[in-house]
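work.txt, holding compact mmCIF, N, CA and C atoms:
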```txt
# COMPACT_ATOMS: atom_id res chain seq x y z
N MET A 1 -7.89 0.65 -20.62
CA MET A 1 -6.49 0.89 -20.84
C MET A 1 -5.80 1.07 -19.50
N GLY A 2 -4.69 0.37 -19.29
CA GLY A 2 -3.96 0.42 -18.04
C GLY A 2 -3.12 1.67 -17.90
N ILE A 3 -2.66 1.93 -16.69
CA ILE A 3 -1.77 3.04 -16.42
C ILE A 3 -0.35 2.49 -16.44
N TYR A 4 0.48 3.04 -17.31
CA TYR A 4 1.84 2.55 -17.52
C TYR A 4 2.81 3.36 -16.69
N GLN A 5 3.66 2.70 -15.90
CA GLN A 5 4.55 3.40 -14.98
C GLN A 5 6.02 3.10 -15.25
N ASP A 6 6.44 3.18 -16.47
CA ASP A 6 7.85 3.01 -16.76
C ASP A 6 8.32 4.19 -17.60
N ASN A 7 9.62 4.34 -17.74
CA ASN A 7 10.16 5.50 -18.44
C ASN A 7 10.77 5.08 -19.77
N ASP A 8 10.04 5.31 -20.86
CA ASP A 8 10.53 5.00 -22.20
C ASP A 8 11.21 6.20 -22.83
N LEU A 9 11.19 7.34 -22.16
CA LEU A 9 11.68 8.57 -22.76
C LEU A 9 13.16 8.82 -22.50
N ARG A 10 13.79 7.97 -21.71
CA ARG A 10 15.20 8.20 -21.40
C ARG A 10 16.10 7.84 -22.58
N LYS A 11 17.26 8.43 -22.58
CA LYS A 11 18.23 8.23 -23.67
C LYS A 11 18.81 6.82 -23.58
N ILE A 12 18.97 6.18 -24.72
CA ILE A 12 19.60 4.87 -24.76
C ILE A 12 21.08 5.07 -24.51
N THR A 13 21.65 4.30 -23.58
CA THR A 13 23.04 4.49 -23.19
C THR A 13 24.00 3.84 -24.19
N GLY A 14 25.25 4.23 -24.11
CA GLY A 14 26.29 3.62 -24.93
C GLY A 14 26.40 4.19 -26.32
N GLY A 15 25.75 5.33 -26.57
CA GLY A 15 25.87 5.98 -27.86
C GLY A 15 25.17 5.26 -29.00
N LEU A 16 24.24 4.36 -28.66
CA LEU A 16 23.51 3.63 -29.70
C LEU A 16 22.59 4.56 -30.46
N LYS A 17 22.50 4.35 -31.77
CA LYS A 17 21.67 5.23 -32.59
C LYS A 17 20.64 4.44 -33.37
N ARG A 18 20.18 3.38 -32.79
CA ARG A 18 19.18 2.57 -33.50
C ARG A 18 17.85 2.58 -32.75
N ARG A 19 16.89 1.87 -33.28
CA ARG A 19 15.53 1.84 -32.75
C ARG A 19 15.48 1.26 -31.34
N HIS A 20 14.53 1.73 -30.57
CA HIS A 20 14.30 1.27 -29.21
C HIS A 20 13.45 0.01 -29.26
N TYR A 21 13.93 -1.10 -28.66
CA TYR A 21 13.22 -2.38 -28.78
C TYR A 21 12.46 -2.78 -27.53
N LYS A 22 12.35 -1.89 -26.59
CA LYS A 22 11.71 -2.24 -25.33
C LYS A 22 10.23 -2.56 -25.51
N VAL A 23 9.76 -3.61 -24.85
CA VAL A 23 8.36 -4.03 -24.92
C VAL A 23 7.74 -3.81 -23.55
N LYS A 24 6.52 -3.30 -23.51
CA LYS A 24 5.84 -3.07 -22.24
C LYS A 24 5.53 -4.40 -21.55
N ARG A 25 5.66 -4.42 -20.24
CA ARG A 25 5.42 -5.62 -19.45
C ARG A 25 4.23 -5.43 -18.53
N LYS A 26 3.55 -6.52 -18.23
CA LYS A 26 2.37 -6.48 -17.37
C LYS A 26 2.72 -5.94 -15.97
N HIS A 27 3.90 -6.31 -15.45
CA HIS A 27 4.24 -5.90 -14.09
C HIS A 27 4.66 -4.43 -14.00
N TRP A 28 4.73 -3.72 -15.13
CA TRP A 28 4.99 -2.29 -15.10
C TRP A 28 3.70 -1.49 -15.01
N MET A 29 2.56 -2.19 -15.08
CA MET A 29 1.28 -1.52 -15.10
C MET A 29 0.94 -0.96 -13.71
N GLY A 30 0.34 0.19 -13.67
CA GLY A 30 -0.04 0.80 -12.40
C GLY A 30 -1.55 0.82 -12.24
N ARG A 31 -2.02 1.49 -11.21
CA ARG A 31 -3.46 1.63 -10.96
C ARG A 31 -3.76 3.09 -10.66
N PRO A 32 -4.99 3.51 -10.89
CA PRO A 32 -5.34 4.89 -10.50
C PRO A 32 -5.26 5.04 -8.98
N PRO A 33 -4.97 6.25 -8.48
CA PRO A 33 -4.85 6.42 -7.03
C PRO A 33 -6.19 6.25 -6.33
N THR A 34 -6.13 5.74 -5.11
CA THR A 34 -7.33 5.62 -4.29
C THR A 34 -7.49 6.93 -3.54
N GLU A 35 -8.49 7.69 -3.91
CA GLU A 35 -8.72 9.00 -3.30
C GLU A 35 -9.69 8.82 -2.13
N THR A 36 -9.15 8.85 -0.93
CA THR A 36 -9.93 8.60 0.28
C THR A 36 -10.85 9.78 0.56
N LEU A 37 -12.13 9.48 0.73
CA LEU A 37 -13.14 10.49 1.02
C LEU A 37 -13.74 10.25 2.39
N LEU A 38 -14.48 11.23 2.87
CA LEU A 38 -15.16 11.12 4.15
C LEU A 38 -16.46 10.37 3.96
N GLY A 39 -16.72 9.38 4.79
CA GLY A 39 -17.95 8.60 4.68
C GLY A 39 -17.88 7.35 5.52
N LYS A 40 -18.89 6.49 5.37
CA LYS A 40 -18.92 5.23 6.11
C LYS A 40 -17.71 4.39 5.72
N GLU A 41 -17.02 3.88 6.74
CA GLU A 41 -15.74 3.16 6.55
C GLU A 41 -15.82 2.08 5.48
N LYS A 42 -14.92 2.16 4.48
CA LYS A 42 -14.83 1.13 3.45
C LYS A 42 -13.36 0.92 3.11
N ILE A 43 -12.89 -0.31 3.38
CA ILE A 43 -11.49 -0.66 3.14
C ILE A 43 -11.44 -1.71 2.05
N VAL A 44 -10.51 -1.54 1.11
CA VAL A 44 -10.37 -2.43 -0.03
C VAL A 44 -9.00 -3.10 0.02
N VAL A 45 -8.96 -4.41 -0.22
CA VAL A 45 -7.69 -5.14 -0.28
C VAL A 45 -7.43 -5.46 -1.75
N ILE A 46 -6.24 -5.07 -2.24
CA ILE A 46 -5.89 -5.25 -3.64
C ILE A 46 -4.70 -6.20 -3.74
N ARG A 47 -4.74 -7.08 -4.74
CA ARG A 47 -3.63 -7.99 -4.96
C ARG A 47 -2.49 -7.23 -5.63
N ALA A 48 -1.29 -7.36 -5.08
CA ALA A 48 -0.12 -6.69 -5.63
C ALA A 48 0.80 -7.72 -6.29
N ARG A 49 1.90 -7.26 -6.82
CA ARG A 49 2.85 -8.13 -7.50
C ARG A 49 3.43 -9.17 -6.54
N GLY A 50 3.55 -10.39 -6.99
CA GLY A 50 4.10 -11.47 -6.18
C GLY A 50 3.08 -12.08 -5.24
N GLY A 51 1.78 -11.80 -5.46
CA GLY A 51 0.74 -12.36 -4.60
C GLY A 51 0.58 -11.61 -3.29
N ASN A 52 1.32 -10.52 -3.12
CA ASN A 52 1.18 -9.71 -1.91
C ASN A 52 -0.12 -8.91 -1.98
N SER A 53 -0.49 -8.29 -0.87
CA SER A 53 -1.73 -7.52 -0.86
C SER A 53 -1.48 -6.12 -0.32
N LYS A 54 -2.26 -5.17 -0.83
CA LYS A 54 -2.22 -3.79 -0.36
C LYS A 54 -3.59 -3.45 0.20
N VAL A 55 -3.61 -2.73 1.30
CA VAL A 55 -4.86 -2.31 1.92
C VAL A 55 -5.05 -0.84 1.64
N ARG A 56 -6.21 -0.49 1.12
CA ARG A 56 -6.50 0.91 0.78
C ARG A 56 -7.80 1.34 1.44
N VAL A 57 -7.87 2.60 1.85
CA VAL A 57 -9.09 3.15 2.45
C VAL A 57 -9.81 3.97 1.38
N ARG A 58 -11.03 3.54 1.02
CA ARG A 58 -11.84 4.30 0.06
C ARG A 58 -12.60 5.41 0.77
N PHE A 59 -13.24 5.05 1.89
CA PHE A 59 -13.99 6.01 2.70
C PHE A 59 -13.55 5.87 4.14
N ALA A 60 -13.29 7.00 4.80
CA ALA A 60 -12.83 7.01 6.19
C ALA A 60 -13.85 7.71 7.07
N GLU A 61 -14.06 7.13 8.24
CA GLU A 61 -14.99 7.72 9.21
C GLU A 61 -14.25 8.10 10.50
N TYR A 62 -13.19 7.34 10.81
CA TYR A 62 -12.43 7.56 12.03
C TYR A 62 -10.95 7.77 11.71
N ALA A 63 -10.25 8.43 12.64
CA ALA A 63 -8.81 8.63 12.52
C ALA A 63 -8.16 8.35 13.87
N ASN A 64 -6.94 7.83 13.84
CA ASN A 64 -6.16 7.64 15.05
C ASN A 64 -5.36 8.92 15.26
N VAL A 65 -5.75 9.71 16.26
CA VAL A 65 -5.14 11.02 16.48
C VAL A 65 -4.23 10.97 17.71
N ILE A 66 -3.00 11.45 17.53
CA ILE A 66 -2.02 11.49 18.62
C ILE A 66 -1.94 12.91 19.13
N ASP A 67 -2.05 13.06 20.45
CA ASP A 67 -1.88 14.37 21.09
C ASP A 67 -0.41 14.50 21.49
N PRO A 68 0.33 15.45 20.89
CA PRO A 68 1.76 15.56 21.20
C PRO A 68 2.05 16.00 22.64
N GLN A 69 1.09 16.65 23.29
CA GLN A 69 1.29 17.11 24.67
C GLN A 69 1.28 15.92 25.65
N SER A 70 0.21 15.12 25.57
CA SER A 70 0.07 13.98 26.50
C SER A 70 0.69 12.70 25.96
N LYS A 71 1.09 12.70 24.67
CA LYS A 71 1.67 11.53 24.00
C LYS A 71 0.73 10.32 24.02
N LYS A 72 -0.57 10.59 23.90
CA LYS A 72 -1.56 9.51 23.87
C LYS A 72 -2.31 9.55 22.55
N ALA A 73 -2.68 8.37 22.08
CA ALA A 73 -3.44 8.24 20.83
C ALA A 73 -4.88 7.87 21.15
N LYS A 74 -5.79 8.34 20.30
CA LYS A 74 -7.20 8.06 20.50
C LYS A 74 -7.89 7.95 19.15
N LYS A 75 -8.81 7.00 19.02
CA LYS A 75 -9.58 6.85 17.79
C LYS A 75 -10.79 7.78 17.88
N VAL A 76 -10.84 8.77 16.97
CA VAL A 76 -11.91 9.76 17.01
C VAL A 76 -12.57 9.89 15.64
N ARG A 77 -13.77 10.41 15.64
CA ARG A 77 -14.53 10.60 14.41
C ARG A 77 -14.03 11.84 13.66
N ILE A 78 -13.93 11.70 12.33
CA ILE A 78 -13.55 12.84 11.48
C ILE A 78 -14.82 13.61 11.16
N GLU A 79 -14.83 14.91 11.47
CA GLU A 79 -16.01 15.73 11.21
C GLU A 79 -16.02 16.30 9.79
N ARG A 80 -14.86 16.81 9.35
CA ARG A 80 -14.76 17.35 7.98
C ARG A 80 -13.30 17.51 7.59
N VAL A 81 -13.09 17.66 6.28
CA VAL A 81 -11.75 17.93 5.76
C VAL A 81 -11.64 19.44 5.60
N VAL A 82 -10.72 20.05 6.34
CA VAL A 82 -10.58 21.50 6.33
C VAL A 82 -9.84 21.96 5.07
N SER A 83 -8.66 21.38 4.83
CA SER A 83 -7.89 21.75 3.65
C SER A 83 -6.94 20.62 3.26
N ASN A 84 -6.54 20.64 1.99
CA ASN A 84 -5.58 19.67 1.49
C ASN A 84 -4.56 20.41 0.62
N PRO A 85 -3.34 20.64 1.14
CA PRO A 85 -2.37 21.43 0.40
C PRO A 85 -1.76 20.72 -0.82
N SER A 86 -1.98 19.42 -0.96
CA SER A 86 -1.36 18.69 -2.06
C SER A 86 -1.98 19.02 -3.42
N SER A 87 -3.26 19.40 -3.42
CA SER A 87 -3.91 19.71 -4.69
C SER A 87 -5.14 20.58 -4.45
N LYS A 88 -5.35 21.57 -5.31
CA LYS A 88 -6.54 22.42 -5.19
C LYS A 88 -7.81 21.60 -5.43
N ASP A 89 -7.70 20.65 -6.36
CA ASP A 89 -8.84 19.78 -6.66
C ASP A 89 -9.20 18.91 -5.46
N TYR A 90 -8.18 18.33 -4.80
CA TYR A 90 -8.41 17.51 -3.61
C TYR A 90 -8.99 18.37 -2.48
N ASP A 91 -8.52 19.60 -2.39
CA ASP A 91 -9.02 20.54 -1.37
C ASP A 91 -10.51 20.80 -1.59
N ARG A 92 -10.88 21.02 -2.83
CA ARG A 92 -12.27 21.31 -3.18
C ARG A 92 -13.18 20.11 -2.93
N ARG A 93 -12.68 18.93 -3.27
CA ARG A 93 -13.49 17.71 -3.16
C ARG A 93 -13.45 17.07 -1.79
N GLY A 94 -12.51 17.48 -0.94
CA GLY A 94 -12.41 16.92 0.41
C GLY A 94 -11.74 15.55 0.45
N VAL A 95 -10.72 15.37 -0.38
CA VAL A 95 -9.98 14.10 -0.41
C VAL A 95 -8.95 14.10 0.72
N ILE A 96 -8.85 12.97 1.43
CA ILE A 96 -7.91 12.85 2.55
C ILE A 96 -6.63 12.20 2.04
N THR A 97 -5.53 12.95 2.09
CA THR A 97 -4.20 12.42 1.75
C THR A 97 -3.25 12.82 2.86
N ARG A 98 -2.00 12.41 2.73
CA ARG A 98 -0.99 12.79 3.71
C ARG A 98 -0.80 14.31 3.67
N GLY A 99 -0.85 14.94 4.85
CA GLY A 99 -0.69 16.38 4.93
C GLY A 99 -1.99 17.15 4.98
N ALA A 100 -3.11 16.45 4.78
CA ALA A 100 -4.41 17.13 4.80
C ALA A 100 -4.78 17.52 6.23
N LEU A 101 -5.45 18.65 6.38
CA LEU A 101 -5.94 19.09 7.69
C LEU A 101 -7.37 18.59 7.85
N ILE A 102 -7.62 17.86 8.94
CA ILE A 102 -8.97 17.36 9.20
C ILE A 102 -9.45 17.88 10.55
N GLU A 103 -10.75 18.08 10.63
CA GLU A 103 -11.34 18.50 11.91
C GLU A 103 -11.92 17.27 12.57
N THR A 104 -11.50 17.01 13.82
CA THR A 104 -11.96 15.85 14.57
C THR A 104 -12.65 16.31 15.85
N GLU A 105 -13.08 15.33 16.63
CA GLU A 105 -13.73 15.64 17.91
C GLU A 105 -12.74 16.30 18.89
N LEU A 106 -11.44 15.99 18.74
CA LEU A 106 -10.43 16.57 19.63
C LEU A 106 -9.97 17.94 19.17
N GLY A 107 -10.11 18.23 17.88
CA GLY A 107 -9.67 19.50 17.33
C GLY A 107 -9.10 19.31 15.93
N LEU A 108 -8.27 20.27 15.51
CA LEU A 108 -7.67 20.22 14.17
C LEU A 108 -6.45 19.29 14.18
N ALA A 109 -6.38 18.40 13.16
CA ALA A 109 -5.28 17.43 13.09
C ALA A 109 -4.75 17.35 11.67
N ARG A 110 -3.45 17.03 11.54
CA ARG A 110 -2.82 16.85 10.24
C ARG A 110 -2.57 15.36 10.00
N VAL A 111 -2.98 14.88 8.84
CA VAL A 111 -2.85 13.46 8.50
C VAL A 111 -1.38 13.14 8.22
N THR A 112 -0.87 12.09 8.88
CA THR A 112 0.53 11.69 8.72
C THR A 112 0.68 10.39 7.95
N SER A 113 -0.39 9.60 7.85
CA SER A 113 -0.31 8.35 7.08
C SER A 113 -0.78 8.58 5.66
N ARG A 114 -0.65 7.56 4.82
CA ARG A 114 -1.12 7.65 3.43
C ARG A 114 -2.31 6.71 3.29
N PRO A 115 -3.53 7.21 3.52
CA PRO A 115 -4.71 6.34 3.57
C PRO A 115 -4.95 5.51 2.31
N GLY A 116 -4.61 6.05 1.15
CA GLY A 116 -4.80 5.31 -0.09
C GLY A 116 -3.82 4.17 -0.26
N GLN A 117 -2.79 4.11 0.60
CA GLN A 117 -1.78 3.05 0.49
C GLN A 117 -1.55 2.31 1.80
N ASP A 118 -1.80 2.94 2.94
CA ASP A 118 -1.53 2.32 4.24
C ASP A 118 -2.72 1.54 4.79
N GLY A 119 -3.92 1.96 4.44
CA GLY A 119 -5.10 1.28 4.96
C GLY A 119 -5.58 1.83 6.29
N THR A 120 -5.06 2.98 6.71
CA THR A 120 -5.49 3.60 7.96
C THR A 120 -5.28 5.11 7.88
N VAL A 121 -6.00 5.84 8.72
CA VAL A 121 -5.83 7.30 8.78
C VAL A 121 -5.25 7.63 10.15
N ASN A 122 -3.97 8.02 10.14
CA ASN A 122 -3.28 8.46 11.37
C ASN A 122 -3.06 9.96 11.27
N ALA A 123 -3.18 10.66 12.39
CA ALA A 123 -3.03 12.12 12.38
C ALA A 123 -2.41 12.60 13.69
N VAL A 124 -1.84 13.81 13.64
CA VAL A 124 -1.27 14.46 14.81
C VAL A 124 -2.08 15.71 15.10
N LEU A 125 -2.45 15.89 16.35
CA LEU A 125 -3.25 17.04 16.77
C LEU A 125 -2.44 18.33 16.61
N VAL A 126 -3.01 19.28 15.87
CA VAL A 126 -2.33 20.57 15.62
C VAL A 126 -2.88 21.63 16.54
N LYS A 127 -4.21 21.72 16.62
CA LYS A 127 -4.87 22.74 17.44
C LYS A 127 -6.02 22.09 18.20
N PRO A 128 -5.88 21.88 19.51
CA PRO A 128 -6.98 21.28 20.28
C PRO A 128 -8.17 22.21 20.41
N LYS A 129 -9.36 21.62 20.63
CA LYS A 129 -10.59 22.43 20.79
C LYS A 129 -10.59 23.16 22.11
```
As structure tokens - that is how I would like this structure written.
Amino acid sequence: MGIYQDNDLRKITGGLKRRHYKVKRKHWMGRPPTETLLGKEKIVVIRARGGNSKVRVRFAEYANVIDPQSKKAKKVRIERVVSNPSSKDYDRRGVITRGALIETELGLARVTSRPGQDGTVNAVLVKPK
């Protein structure tokens, strides 16, 4: 069964008081979220509407971390997921999403990209080692 992403619960406009005739369409269908975990790098390319493609990260091993002091970026290994404020479940399971705190070789960093949708893990250094 697909995930449906349209709103059938809204009020019919114009004061109409008859049955709702809307039919579900294939292009309204969604997908379950890609929950990026720590592990050996695995990137998935998914076909999107109109033949376009989306890149998603299933497992991440490295992150592009920017040091705000020196304004330089470096690709470093992710050691562990410290916390994820978006969900207690994600925090418990160590899912990497935007806003998650990760521990890297440089220190503590906050994820600024959306790995499940962008195809990369970008972060800003919060507390250097």
- Long-range neighbours of stretch 85-96 of chain A as a VMD selection string, 12 Å cut-off, only C-alpha atoms, 3 positions minimum in chain: chain A and resid 33 to 39 57 to 63 78 to 82 99 to 103 109 to 117 120 to 123
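Non-sequential neighbours of A:His27 (distance at most 8 Å, separation of 3 or more positions within a chain, only N, CA and C atoms) are Gln5, Lys24, Gly30 and Arg49 of chain A.
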- Query: How far is it from atom C of A:Lys54 to atom N of A:Val76, in Å with one decimal?
  - Reply: 22.0 Å
- Nearest to A:Arg77, chosen from A:Thr104, A:Ser53, A:Asn7, A:Thr97, with all atoms listed in the file counted in the distances: A:Thr104
- Task: Mind listing the strand (DSSP E or B) residues of chain A, per DSSP on the backbone, as a VMD selection string?
- Result: chain A and resid 3 to 4 29 to 30 36 to 38 42 to 47 53 to 60 62 to 67 72 to 83 96 101 to 104 107 to 111 122 to 128
- Note on the structure: Separating atom N of A:Ser83 from atom C of A:Leu125, to the nearest tenth of an Å, is a gap of 13.7 Å
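Each of A:Ile3, A:Asn52, A:Val44, A:Leu16 was checked against A:Met29 using only C-alpha atoms; the smallest atom-to-atom distance is that of A:Ile3.
When DSSP is run on the backbone, the residues of stretch 2-121 of chain A that fall into helix (DSSP H, G or I) are Lys26, His27, Trp28, Arg49, Gly50, Gly51, Lys88, Asp89, Tyr90, Asp91, Arg92, Arg93, Pro115, Gly116, Gln117 and Asp118 of chain A.
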- Message: Residues near A:Val23, anyone? I mean within 12 Å using only C-alpha atoms, not counting same-chain ones fewer than 3 positions away, as JSON, numbers by chain.
- Response: {"A": [4, 6, 7, 8, 20, 26, 27, 28]}
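Each of A:Val124, A:Ile43, A:Ser70, A:Gly2 was checked against A:Arg31 using only N, CA and C atoms; the smallest atom-to-atom distance is that of A:Gly2.
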- Nearest to A:Lys75 among A:Glu105, A:Arg47, A:Arg56, A:Arg98, with distances taken over only C-alpha atoms: which residue is it? A:Glu105
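You will find atom CA of A:Gly107 at 12.6 Å from atom N of A:Gln69.
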